[in-house]
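J.: Please see the structure below; I have some questions.
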Amino acid sequence: MAGVFHTTLALRTALRYLSPSCTLTSAATARLLPPGSRKLLLPASSVQSGVCSRRLHAGAGGPTPSPAAAPDRLPFSKVTQEDLDFFKKVLPGRTITDPDLLEANNVDWLKSVRGYSEVLLRPQTTEEVSQILRYCNSRNLAVNPQGGNTGLVGGSVPVYDEIILSTALMNNILTFDGVSGILTCQAGCILENLSNYLEERDYIMPLDLGAKGSCQIGGNVATNAGGLRLLRYGSLRGTVLGLEVVLADGQVLDCLATLRKDNTGYDLKQLFIGSEGTLGVITAVSILCPRKPKSVNVVFLGCETFEQLLQTFKLCRGMLGEILSAFEFLDSECMRLLNTHLKLPNPITDCPFYVVIETAGSNPTHDEEKLHNFLEEAMTSSLVTDGTVATEDTKIKALWSMRERVTESLTHDGFTYKYDISLPVERIYQLVTDMREHLGDRAKSVVGYGHVGDGNLHLNITSPAKDPALLAAIEPFVYEWTAGCQGSISAEHGLGLKKRNYIYYSKPSQAVALMGNIKAMLDPKGILNPYKTLPDNLR
């Protein structure tokens with residue numbers, strides 16, 4: 001099969017693919033957010049004190065704050081010694097107040113948002129979560145639910161002094177049915193640990209993420225994480241069968257079903273999938289897991305144009321069919337960062353675009369034959385110019401690292417502005433091209449990578465340091481462009497703090513108002529993850 005790539009083919013002269021530019025429709029324009037004065041995100045170097053943080057937020061004399069900036073602190077109660085005594089009674093040895101131990105929980109993964117919570121609670125059971133929320137609701141104490149803290153939109157850390165409720169110690173696997181493949185576990189289970197547990201039993205998790213070594217299944221569900229296997233197994237809205245959720249007033253909502261079909265009334269679990277901890281705290285999950293494939297192959301290909309990449313995807317779906325499990329792409333700028341910062345060598349010759357294809361099936365001979373036929377057709381059609389195939393675990397991991405470690409390489413390139421956009425597949429890369437033209441030399445790097453199979457672009461822009469002028473050039477341009485293509489401003493990362501006020505680019509005001517009504521019904525005092533997901537001013 002690898003011999004397909006040994007043939008030298010004359011490269012066709014091709015123009016860089018340019019899809020039609022997107023223009024704002026009148027409906028999209030009507031959804032654009034009016035400017036409003038908001039406080040700035042806490043800088044990573046800020047002193048953790050209320051007065052200092054509020055002054056830093058205000059940005060007196062500076063430019064008009066972005067809609068992504070934090071709003072004023074809401075009138076929640078402050079934690080008292082009496083509150084601490086209660087928490088220590090409920091969670092002996094698991095009520096953390098040491099500032100050094102709290103540091104990592106107060107700062108997001110990108111180090112772009114910093115809170116100054118003085119209390120970290122680490123429950124082990126649903127009953128403990130219930131007691132905590134019942135008490136906090138009665139005292140009007142704001143709570144920030146936190147999983148693995150791998151989020152990219154400021155949704156997993158406090159904005160001010162909210163109590164951090166970590167699910168890290170809720171990490172038990174409750175049951176696994178080896179016949180149906182249904183796993184039930186607590187919300188704090190690390191995704192990679194679940195994957196390892198299942199692989200020993202000849203099953204796999206239906207999602208795979210670059211952050212699998214630290215992200216938690218509860219956080220995955222709360223943000224409706226997509227990941228690398230969505231093309232094959234679908235989203236968590238389909239694979240999650242049941243949830244156990246603690247509401248703001250401490251009530252435990254037991255919807256931890258293990259049935260694939262249940263058509264009795266409203267499907268309440270869907271409210272909490274993707275709600276980012278604003279409607280309830282997920283404490284347990286039941287999820288449908290597929291069988292572990294007996295045959296896995298990974299192919300790394302190079303394409304000269306994005307149009308050829310799209311044609312390769314079309315050919316791939318037609319010829320690989322049921323064994324296709326992933327189709328990812330990255331551009332030459334991503335490869336440059338991988339080479340420069342992580343010293344990862346390019347496994348093939350340099351190309352403008354690269355594709356990672358994974359197949360997973362039950363018959364190695366059958367799968368290899370289908371893959372060989374696909375690669376032969378792709379090469380003879382001049383859709384791809386070079387490539388390599390991996391069938392062994394170590395080589396498979398090496399090829400996947402070229403896609404999974406792009407985010408890591410970006411952290412070494414400077415301050416990163418990250419955008420997680422959903423677009424019609426044929427227009428995915430045009431946004432990267434237009435953004436480069438729009439920014440010119442104001443940005444250090446503008447790179448694009450993502451999930452072609454589900455139209456998800458990860459647009460990343462770096463600069464030597466945090467640059468408000470650059471941010472003003474990026475936003476709202478990126479959101480207006482996306483709205484003009486009827487896309488979504490958040491494909492899988494959620495809205496969190498940073499994108500909450502941009503929701504109207506993707507959702508009509510009636511839908512957002514209904515979301516606000518649901519929030520008010522389930523959390524009347526607004527104590528759960530305040531300042532996140534919903535806009536500051538509901539229309």
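We label chains A, B, ... in the order they appear in the structure tokens, count residues from 1 in each chain, and number ligands from 1 in the order shown.
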Within 10 Å of range 285-309 of chain A, which residues of range 415-501 of chain A come that close, and what is the closest atom pair and distance in Å for each? Count only C-alpha atoms and give it as a Markdown table.

T.:
```
| residue | atom | partner | partner_atom | distance |
| --- | --- | --- | --- | --- |
| A:Glu426 | CA | A:Glu307 | CA | 8.1 |
| A:Arg427 | CA | A:Phe306 | CA | 9.8 |
| A:Ile428 | CA | A:Phe306 | CA | 9.4 |
| A:Tyr429 | CA | A:Phe306 | CA | 7.3 |
| A:Gln430 | CA | A:Phe306 | CA | 9.2 |
| A:Val452 | CA | A:Leu309 | CA | 9.3 |
```

J.: Taking only C-alpha atoms into account, which of A:Asp161, A:Glu128, A:Asp523, A:Glu404 comes nearest Pro92 in chain A?

T.: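 Of A:Asp161, A:Glu128, A:Asp523, A:Glu404, the one nearest Pro92 in chain A, counting only C-alpha atoms, is A:Glu128.
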
J.: Using only C-alpha atoms, find the one residue out of A:Gly115, A:Ala390, A:Thr349, A:Leu101 that sits nearest to Glu368 in chain A.

T.: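 Closest residue, counting only C-alpha atoms: A:Ala390.
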
J.: Taking only range 208-450 of chain A into account, list the residues labelled strand (DSSP E) by DSSP (computed from the backbone), as a PDB file with N, CA and C atoms, in the first residue's frame.

T.:
```pdb
ATOM      1  N   VAL A 240     -24.429  10.371  24.724  1.00  0.00           N
ATOM      2  CA  VAL A 240     -24.772  10.434  26.153  1.00  0.00           C
ATOM      3  C   VAL A 240     -26.211   9.972  26.339  1.00  0.00           C
ATOM      4  N   LEU A 241     -26.391   8.933  27.129  1.00  0.00           N
ATOM      5  CA  LEU A 241     -27.725   8.362  27.342  1.00  0.00           C
ATOM      6  C   LEU A 241     -28.407   8.922  28.577  1.00  0.00           C
ATOM      7  N   GLY A 242     -27.621   9.330  29.558  1.00  0.00           N
ATOM      8  CA  GLY A 242     -28.229   9.834  30.786  1.00  0.00           C
ATOM      9  C   GLY A 242     -27.263  10.673  31.591  1.00  0.00           C
ATOM     10  N   LEU A 243     -27.825  11.537  32.441  1.00  0.00           N
ATOM     11  CA  LEU A 243     -27.033  12.393  33.314  1.00  0.00           C
ATOM     12  C   LEU A 243     -27.630  12.436  34.713  1.00  0.00           C
ATOM     13  N   GLU A 244     -26.769  12.590  35.675  1.00  0.00           N
ATOM     14  CA  GLU A 244     -27.185  12.972  37.030  1.00  0.00           C
ATOM     15  C   GLU A 244     -26.682  14.393  37.236  1.00  0.00           C
ATOM     16  N   VAL A 245     -27.582  15.273  37.617  1.00  0.00           N
ATOM     17  CA  VAL A 245     -27.257  16.702  37.724  1.00  0.00           C
ATOM     18  C   VAL A 245     -27.773  17.242  39.046  1.00  0.00           C
ATOM     19  N   VAL A 246     -26.963  18.054  39.708  1.00  0.00           N
ATOM     20  CA  VAL A 246     -27.412  18.755  40.914  1.00  0.00           C
ATOM     21  C   VAL A 246     -27.767  20.180  40.514  1.00  0.00           C
ATOM     22  N   VAL A 252     -31.294  16.944  43.419  1.00  0.00           N
ATOM     23  CA  VAL A 252     -30.586  16.018  42.542  1.00  0.00           C
ATOM     24  C   VAL A 252     -31.550  15.535  41.465  1.00  0.00           C
ATOM     25  N   LEU A 253     -31.226  15.836  40.223  1.00  0.00           N
ATOM     26  CA  LEU A 253     -32.031  15.395  39.089  1.00  0.00           C
ATOM     27  C   LEU A 253     -31.424  14.103  38.548  1.00  0.00           C
ATOM     28  N   ASP A 254     -32.107  12.994  38.788  1.00  0.00           N
ATOM     29  CA  ASP A 254     -31.592  11.689  38.384  1.00  0.00           C
ATOM     30  C   ASP A 254     -32.179  11.286  37.035  1.00  0.00           C
ATOM     31  N   CYS A 255     -31.440  11.618  35.993  1.00  0.00           N
ATOM     32  CA  CYS A 255     -31.803  11.194  34.632  1.00  0.00           C
ATOM     33  C   CYS A 255     -30.705  10.291  34.091  1.00  0.00           C
ATOM     34  N   VAL A 281     -24.899  21.245  38.008  1.00  0.00           N
ATOM     35  CA  VAL A 281     -23.579  20.617  38.068  1.00  0.00           C
ATOM     36  C   VAL A 281     -23.734  19.137  37.730  1.00  0.00           C
ATOM     37  N   ILE A 282     -23.134  18.715  36.626  1.00  0.00           N
ATOM     38  CA  ILE A 282     -23.182  17.308  36.226  1.00  0.00           C
ATOM     39  C   ILE A 282     -22.303  16.501  37.173  1.00  0.00           C
ATOM     40  N   THR A 283     -22.891  15.453  37.775  1.00  0.00           N
ATOM     41  CA  THR A 283     -22.138  14.632  38.726  1.00  0.00           C
ATOM     42  C   THR A 283     -21.905  13.204  38.232  1.00  0.00           C
ATOM     43  N   ALA A 284     -22.688  12.746  37.264  1.00  0.00           N
ATOM     44  CA  ALA A 284     -22.500  11.401  36.712  1.00  0.00           C
ATOM     45  C   ALA A 284     -23.030  11.360  35.286  1.00  0.00           C
ATOM     46  N   VAL A 285     -22.462  10.445  34.508  1.00  0.00           N
ATOM     47  CA  VAL A 285     -22.770  10.350  33.078  1.00  0.00           C
ATOM     48  C   VAL A 285     -22.907   8.881  32.691  1.00  0.00           C
ATOM     49  N   SER A 286     -23.899   8.574  31.867  1.00  0.00           N
ATOM     50  CA  SER A 286     -23.934   7.264  31.211  1.00  0.00           C
ATOM     51  C   SER A 286     -23.786   7.512  29.716  1.00  0.00           C
ATOM     52  N   ILE A 287     -22.906   6.735  29.086  1.00  0.00           N
ATOM     53  CA  ILE A 287     -22.543   7.008  27.707  1.00  0.00           C
ATOM     54  C   ILE A 287     -22.398   5.700  26.925  1.00  0.00           C
ATOM     55  N   LEU A 288     -22.837   5.731  25.687  1.00  0.00           N
ATOM     56  CA  LEU A 288     -22.772   4.558  24.816  1.00  0.00           C
ATOM     57  C   LEU A 288     -21.398   4.512  24.145  1.00  0.00           C
ATOM     58  N   SER A 295      -8.830  -3.148  13.450  1.00  0.00           N
ATOM     59  CA  SER A 295      -7.895  -2.656  12.435  1.00  0.00           C
ATOM     60  C   SER A 295      -7.947  -1.138  12.393  1.00  0.00           C
ATOM     61  N   VAL A 296      -6.805  -0.484  12.690  1.00  0.00           N
ATOM     62  CA  VAL A 296      -6.724   0.976  12.644  1.00  0.00           C
ATOM     63  C   VAL A 296      -5.564   1.380  11.744  1.00  0.00           C
ATOM     64  N   ASN A 297      -5.820   2.266  10.824  1.00  0.00           N
ATOM     65  CA  ASN A 297      -4.795   2.813   9.942  1.00  0.00           C
ATOM     66  C   ASN A 297      -4.878   4.333   9.967  1.00  0.00           C
ATOM     67  N   VAL A 298      -3.728   4.967   9.906  1.00  0.00           N
ATOM     68  CA  VAL A 298      -3.684   6.429   9.821  1.00  0.00           C
ATOM     69  C   VAL A 298      -2.842   6.824   8.619  1.00  0.00           C
ATOM     70  N   VAL A 299      -3.369   7.753   7.843  1.00  0.00           N
ATOM     71  CA  VAL A 299      -2.699   8.242   6.640  1.00  0.00           C
ATOM     72  C   VAL A 299      -2.447   9.735   6.787  1.00  0.00           C
ATOM     73  N   PHE A 300      -1.245  10.162   6.427  1.00  0.00           N
ATOM     74  CA  PHE A 300      -0.897  11.586   6.433  1.00  0.00           C
ATOM     75  C   PHE A 300      -0.600  11.983   4.998  1.00  0.00           C
ATOM     76  N   LEU A 301      -1.395  12.901   4.464  1.00  0.00           N
ATOM     77  CA  LEU A 301      -1.314  13.272   3.050  1.00  0.00           C
ATOM     78  C   LEU A 301      -1.020  14.763   2.880  1.00  0.00           C
ATOM     79  N   GLY A 302      -0.472  15.107   1.733  1.00  0.00           N
ATOM     80  CA  GLY A 302      -0.241  16.505   1.391  1.00  0.00           C
ATOM     81  C   GLY A 302      -1.031  16.899   0.160  1.00  0.00           C
ATOM     82  N   CYS A 303      -1.629  18.098   0.182  1.00  0.00           N
ATOM     83  CA  CYS A 303      -2.400  18.623  -0.950  1.00  0.00           C
ATOM     84  C   CYS A 303      -1.869  19.999  -1.336  1.00  0.00           C
ATOM     85  N   LEU A 324     -14.231   4.937   7.685  1.00  0.00           N
ATOM     86  CA  LEU A 324     -13.670   6.274   7.889  1.00  0.00           C
ATOM     87  C   LEU A 324     -14.062   6.780   9.278  1.00  0.00           C
ATOM     88  N   SER A 325     -13.069   7.112  10.108  1.00  0.00           N
ATOM     89  CA  SER A 325     -13.379   7.588  11.460  1.00  0.00           C
ATOM     90  C   SER A 325     -12.907   9.010  11.717  1.00  0.00           C
ATOM     91  N   ALA A 326     -11.963   9.525  10.921  1.00  0.00           N
ATOM     92  CA  ALA A 326     -11.521  10.909  11.121  1.00  0.00           C
ATOM     93  C   ALA A 326     -10.925  11.454   9.836  1.00  0.00           C
ATOM     94  N   PHE A 327     -11.162  12.748   9.602  1.00  0.00           N
ATOM     95  CA  PHE A 327     -10.567  13.458   8.465  1.00  0.00           C
ATOM     96  C   PHE A 327     -10.231  14.862   8.956  1.00  0.00           C
ATOM     97  N   GLU A 328      -8.965  15.070   9.314  1.00  0.00           N
ATOM     98  CA  GLU A 328      -8.505  16.327   9.897  1.00  0.00           C
ATOM     99  C   GLU A 328      -7.563  17.039   8.935  1.00  0.00           C
ATOM    100  N   PHE A 329      -7.448  18.361   9.083  1.00  0.00           N
ATOM    101  CA  PHE A 329      -6.510  19.081   8.232  1.00  0.00           C
ATOM    102  C   PHE A 329      -5.715  20.099   9.031  1.00  0.00           C
ATOM    103  N   LEU A 330      -4.551  20.454   8.519  1.00  0.00           N
ATOM    104  CA  LEU A 330      -3.761  21.558   9.047  1.00  0.00           C
ATOM    105  C   LEU A 330      -3.037  22.207   7.882  1.00  0.00           C
ATOM    106  N   ASP A 331      -2.720  23.485   8.030  1.00  0.00           N
ATOM    107  CA  ASP A 331      -2.065  24.180   6.918  1.00  0.00           C
ATOM    108  C   ASP A 331      -0.557  24.244   7.130  1.00  0.00           C
ATOM    109  N   PHE A 353      -1.112  22.210   2.335  1.00  0.00           N
ATOM    110  CA  PHE A 353      -2.131  21.638   3.219  1.00  0.00           C
ATOM    111  C   PHE A 353      -1.813  20.176   3.510  1.00  0.00           C
ATOM    112  N   TYR A 354      -2.211  19.765   4.723  1.00  0.00           N
ATOM    113  CA  TYR A 354      -1.984  18.383   5.141  1.00  0.00           C
ATOM    114  C   TYR A 354      -3.288  17.790   5.673  1.00  0.00           C
ATOM    115  N   VAL A 355      -3.435  16.486   5.485  1.00  0.00           N
ATOM    116  CA  VAL A 355      -4.631  15.775   5.904  1.00  0.00           C
ATOM    117  C   VAL A 355      -4.235  14.579   6.760  1.00  0.00           C
ATOM    118  N   VAL A 356      -4.957  14.382   7.872  1.00  0.00           N
ATOM    119  CA  VAL A 356      -4.816  13.175   8.683  1.00  0.00           C
ATOM    120  C   VAL A 356      -6.120  12.386   8.550  1.00  0.00           C
ATOM    121  N   ILE A 357      -6.016  11.191   8.006  1.00  0.00           N
ATOM    122  CA  ILE A 357      -7.181  10.320   7.834  1.00  0.00           C
ATOM    123  C   ILE A 357      -6.997   9.091   8.715  1.00  0.00           C
ATOM    124  N   GLU A 358      -8.037   8.737   9.452  1.00  0.00           N
ATOM    125  CA  GLU A 358      -8.003   7.510  10.244  1.00  0.00           C
ATOM    126  C   GLU A 358      -9.121   6.590   9.785  1.00  0.00           C
ATOM    127  N   THR A 359      -8.786   5.314   9.622  1.00  0.00           N
ATOM    128  CA  THR A 359      -9.806   4.303   9.360  1.00  0.00           C
ATOM    129  C   THR A 359      -9.836   3.339  10.529  1.00  0.00           C
ATOM    130  N   ALA A 360     -11.005   2.819  10.824  1.00  0.00           N
ATOM    131  CA  ALA A 360     -11.169   1.883  11.927  1.00  0.00           C
ATOM    132  C   ALA A 360     -12.219   0.855  11.537  1.00  0.00           C
ATOM    133  N   GLY A 361     -11.835  -0.402  11.539  1.00  0.00           N
ATOM    134  CA  GLY A 361     -12.762  -1.456  11.133  1.00  0.00           C
ATOM    135  C   GLY A 361     -12.481  -2.762  11.856  1.00  0.00           C
ATOM    136  N   ASP A 386       1.833  13.704  -1.908  1.00  0.00           N
ATOM    137  CA  ASP A 386       2.719  12.839  -1.132  1.00  0.00           C
ATOM    138  C   ASP A 386       1.937  12.339   0.070  1.00  0.00           C
ATOM    139  N   GLY A 387       2.464  11.300   0.701  1.00  0.00           N
ATOM    140  CA  GLY A 387       1.773  10.774   1.869  1.00  0.00           C
ATOM    141  C   GLY A 387       2.508   9.624   2.501  1.00  0.00           C
ATOM    142  N   THR A 388       2.046   9.237   3.681  1.00  0.00           N
ATOM    143  CA  THR A 388       2.619   8.100   4.377  1.00  0.00           C
ATOM    144  C   THR A 388       1.511   7.410   5.161  1.00  0.00           C
ATOM    145  N   VAL A 389       1.670   6.107   5.366  1.00  0.00           N
ATOM    146  CA  VAL A 389       0.661   5.294   6.039  1.00  0.00           C
ATOM    147  C   VAL A 389       1.259   4.681   7.294  1.00  0.00           C
ATOM    148  N   ALA A 390       0.479   4.648   8.375  1.00  0.00           N
ATOM    149  CA  ALA A 390       0.923   4.013   9.618  1.00  0.00           C
ATOM    150  C   ALA A 390      -0.111   2.984  10.053  1.00  0.00           C
ATOM    151  N   PHE A 415       1.268  35.297  22.348  1.00  0.00           N
ATOM    152  CA  PHE A 415      -0.113  35.348  22.853  1.00  0.00           C
ATOM    153  C   PHE A 415      -1.039  34.916  21.722  1.00  0.00           C
ATOM    154  N   THR A 416      -1.980  34.000  22.044  1.00  0.00           N
ATOM    155  CA  THR A 416      -2.824  33.411  21.003  1.00  0.00           C
ATOM    156  C   THR A 416      -4.281  33.822  21.148  1.00  0.00           C
ATOM    157  N   TYR A 417      -4.859  34.290  20.060  1.00  0.00           N
ATOM    158  CA  TYR A 417      -6.297  34.549  19.978  1.00  0.00           C
ATOM    159  C   TYR A 417      -6.922  33.361  19.244  1.00  0.00           C
ATOM    160  N   LYS A 418      -7.804  32.652  19.947  1.00  0.00           N
ATOM    161  CA  LYS A 418      -8.315  31.380  19.437  1.00  0.00           C
ATOM    162  C   LYS A 418      -9.792  31.506  19.053  1.00  0.00           C
ATOM    163  N   TYR A 419     -10.135  30.963  17.894  1.00  0.00           N
ATOM    164  CA  TYR A 419     -11.517  30.997  17.413  1.00  0.00           C
ATOM    165  C   TYR A 419     -11.903  29.611  16.904  1.00  0.00           C
ATOM    166  N   ASP A 420     -13.070  29.192  17.333  1.00  0.00           N
ATOM    167  CA  ASP A 420     -13.585  27.843  17.071  1.00  0.00           C
ATOM    168  C   ASP A 420     -14.874  28.014  16.278  1.00  0.00           C
ATOM    169  N   ILE A 421     -14.760  27.925  14.961  1.00  0.00           N
ATOM    170  CA  ILE A 421     -15.834  28.339  14.061  1.00  0.00           C
ATOM    171  C   ILE A 421     -16.428  27.141  13.323  1.00  0.00           C
ATOM    172  N   SER A 422     -17.742  27.150  13.163  1.00  0.00           N
ATOM    173  CA  SER A 422     -18.415  26.144  12.343  1.00  0.00           C
ATOM    174  C   SER A 422     -18.908  26.821  11.072  1.00  0.00           C
ATOM    175  N   SER A 445       1.354  35.276  13.414  1.00  0.00           N
ATOM    176  CA  SER A 445       0.949  34.089  12.652  1.00  0.00           C
ATOM    177  C   SER A 445      -0.566  34.010  12.586  1.00  0.00           C
ATOM    178  N   VAL A 446      -1.077  33.567  11.457  1.00  0.00           N
ATOM    179  CA  VAL A 446      -2.503  33.262  11.298  1.00  0.00           C
ATOM    180  C   VAL A 446      -2.571  31.845  10.745  1.00  0.00           C
ATOM    181  N   VAL A 447      -3.082  30.908  11.534  1.00  0.00           N
ATOM    182  CA  VAL A 447      -3.064  29.503  11.123  1.00  0.00           C
ATOM    183  C   VAL A 447      -4.469  28.923  11.167  1.00  0.00           C
ATOM    184  N   GLY A 448      -4.673  27.885  10.364  1.00  0.00           N
ATOM    185  CA  GLY A 448      -5.962  27.206  10.330  1.00  0.00           C
ATOM    186  C   GLY A 448      -5.784  25.701  10.355  1.00  0.00           C
ATOM    187  N   TYR A 449      -6.590  25.036  11.178  1.00  0.00           N
ATOM    188  CA  TYR A 449      -6.622  23.581  11.225  1.00  0.00           C
ATOM    189  C   TYR A 449      -7.988  23.169  11.751  1.00  0.00           C
ATOM    190  N   GLY A 450      -8.306  21.887  11.711  1.00  0.00           N
ATOM    191  CA  GLY A 450      -9.600  21.498  12.264  1.00  0.00           C
ATOM    192  C   GLY A 450     -10.175  20.232  11.684  1.00  0.00           C
TER     193      GLY A 450
END
```

J.: Pull the alpha helix (DSSP H) assignments for range 39-258 of chain A out of DSSP run on the backbone, and list those residues as an NGL selection string.

T.: :A and (50-58 or 81-90 or 99-106 or 126-139 or 191-199 or 217-222 or 230-233 or 236-239)

J.: Could you give me, as a CSV table (one decimal) with C-alpha atoms, in the first residue's frame, the residues within 9 Å of range 512-514 of chain A, counting only C-alpha atoms and dropping anything in the same chain fewer than 6 positions from it?

T.:
```
chain,number,residue,atom,x,y,z
A,503,ILE,CA,-24.1,34.9,20.9
A,504,TYR,CA,-26.5,37.0,18.7
A,534,LEU,CA,-25.6,34.1,28.2
A,535,PRO,CA,-25.1,37.8,27.2
A,538,LEU,CA,-30.9,39.8,27.2
A,539,ARG,CA,-33.0,41.4,24.5
```

J.: Using only C-alpha atoms, can you tell me which of A:Pro352, A:Gly280, A:Pro468, A:Gly484 comes closest to Ile518 in chain A?

T.: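 Looking at the shortest contact to Ile518 in chain A, the residue is A:Gly280.
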
J.: Just give me the gap between CA of Gln311 in chain A and CA of Thr407 in chain A in Å, one decimal is fine.

T.: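 That distance, rounded to one decimal, is 26.3 Å.
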
J.: Considering only C-alpha atoms, return as a PDB file with N, CA and C atoms, in the first residue's frame whatever protein or nucleic-acid residues lie within 9 Å of Pro158 in chain A, sequence-local ones (same chain, fewer than 3 positions apart) excluded.

T.:
```pdb
ATOM      1  N   ASN A 105      -6.252  26.658  39.896  1.00  0.00           N
ATOM      2  CA  ASN A 105      -7.689  26.628  39.662  1.00  0.00           C
ATOM      3  C   ASN A 105      -8.264  27.995  39.344  1.00  0.00           C
ATOM      4  N   ASN A 106      -7.516  29.040  39.650  1.00  0.00           N
ATOM      5  CA  ASN A 106      -7.974  30.408  39.390  1.00  0.00           C
ATOM      6  C   ASN A 106      -7.608  30.911  38.002  1.00  0.00           C
ATOM      7  N   VAL A 107      -6.729  30.182  37.297  1.00  0.00           N
ATOM      8  CA  VAL A 107      -6.236  30.639  36.001  1.00  0.00           C
ATOM      9  C   VAL A 107      -6.603  29.620  34.928  1.00  0.00           C
ATOM     10  N   VAL A 113      -7.415  34.391  31.504  1.00  0.00           N
ATOM     11  CA  VAL A 113      -8.451  34.809  32.446  1.00  0.00           C
ATOM     12  C   VAL A 113      -8.033  34.349  33.835  1.00  0.00           C
ATOM     13  N   ARG A 114      -8.118  35.254  34.797  1.00  0.00           N
ATOM     14  CA  ARG A 114      -7.722  34.935  36.167  1.00  0.00           C
ATOM     15  C   ARG A 114      -8.780  35.433  37.137  1.00  0.00           C
ATOM     16  N   GLY A 115      -9.238  34.541  37.994  1.00  0.00           N
ATOM     17  CA  GLY A 115     -10.135  34.936  39.062  1.00  0.00           C
ATOM     18  C   GLY A 115      -9.360  35.058  40.365  1.00  0.00           C
ATOM     19  N   TYR A 116     -10.070  35.368  41.443  1.00  0.00           N
ATOM     20  CA  TYR A 116      -9.384  35.433  42.740  1.00  0.00           C
ATOM     21  C   TYR A 116     -10.230  34.754  43.811  1.00  0.00           C
ATOM     22  N   SER A 117     -10.721  33.562  43.471  1.00  0.00           N
ATOM     23  CA  SER A 117     -11.441  32.767  44.454  1.00  0.00           C
ATOM     24  C   SER A 117     -10.529  32.424  45.624  1.00  0.00           C
ATOM     25  N   VAL A 143     -21.003  30.124  42.574  1.00  0.00           N
ATOM     26  CA  VAL A 143     -20.227  28.884  42.470  1.00  0.00           C
ATOM     27  C   VAL A 143     -19.723  28.714  41.031  1.00  0.00           C
ATOM     28  N   ASN A 144     -18.451  28.368  40.916  1.00  0.00           N
ATOM     29  CA  ASN A 144     -17.845  28.090  39.616  1.00  0.00           C
ATOM     30  C   ASN A 144     -17.543  26.590  39.519  1.00  0.00           C
ATOM     31  N   PRO A 145     -18.402  25.801  38.823  1.00  0.00           N
ATOM     32  CA  PRO A 145     -18.097  24.378  38.642  1.00  0.00           C
ATOM     33  C   PRO A 145     -16.848  24.236  37.772  1.00  0.00           C
ATOM     34  N   GLY A 154     -12.661  30.828  28.765  1.00  0.00           N
ATOM     35  CA  GLY A 154     -12.819  31.426  30.086  1.00  0.00           C
ATOM     36  C   GLY A 154     -14.046  30.950  30.830  1.00  0.00           C
ATOM     37  N   GLY A 155     -14.557  29.773  30.496  1.00  0.00           N
ATOM     38  CA  GLY A 155     -15.764  29.277  31.160  1.00  0.00           C
ATOM     39  C   GLY A 155     -15.510  28.438  32.385  1.00  0.00           C
ATOM     40  N   ASP A 161     -14.713  36.273  42.726  1.00  0.00           N
ATOM     41  CA  ASP A 161     -14.391  35.443  43.887  1.00  0.00           C
ATOM     42  C   ASP A 161     -15.349  34.266  44.054  1.00  0.00           C
ATOM     43  N   GLU A 162     -15.898  33.763  42.935  1.00  0.00           N
ATOM     44  CA  GLU A 162     -16.811  32.627  43.030  1.00  0.00           C
ATOM     45  C   GLU A 162     -16.104  31.425  43.673  1.00  0.00           C
ATOM     46  N   ILE A 163     -16.868  30.654  44.436  1.00  0.00           N
ATOM     47  CA  ILE A 163     -16.342  29.429  45.032  1.00  0.00           C
ATOM     48  C   ILE A 163     -16.101  28.409  43.922  1.00  0.00           C
ATOM     49  N   ILE A 164     -14.922  27.819  43.902  1.00  0.00           N
ATOM     50  CA  ILE A 164     -14.612  26.810  42.888  1.00  0.00           C
ATOM     51  C   ILE A 164     -15.070  25.442  43.390  1.00  0.00           C
ATOM     52  N   ASN A 529     -22.041  29.445  37.851  1.00  0.00           N
ATOM     53  CA  ASN A 529     -21.151  29.939  36.800  1.00  0.00           C
ATOM     54  C   ASN A 529     -21.614  31.272  36.219  1.00  0.00           C
ATOM     55  N   PRO A 530     -21.752  32.288  37.060  1.00  0.00           N
ATOM     56  CA  PRO A 530     -22.211  33.592  36.559  1.00  0.00           C
ATOM     57  C   PRO A 530     -21.215  34.205  35.580  1.00  0.00           C
TER      58      PRO A 530
END
```
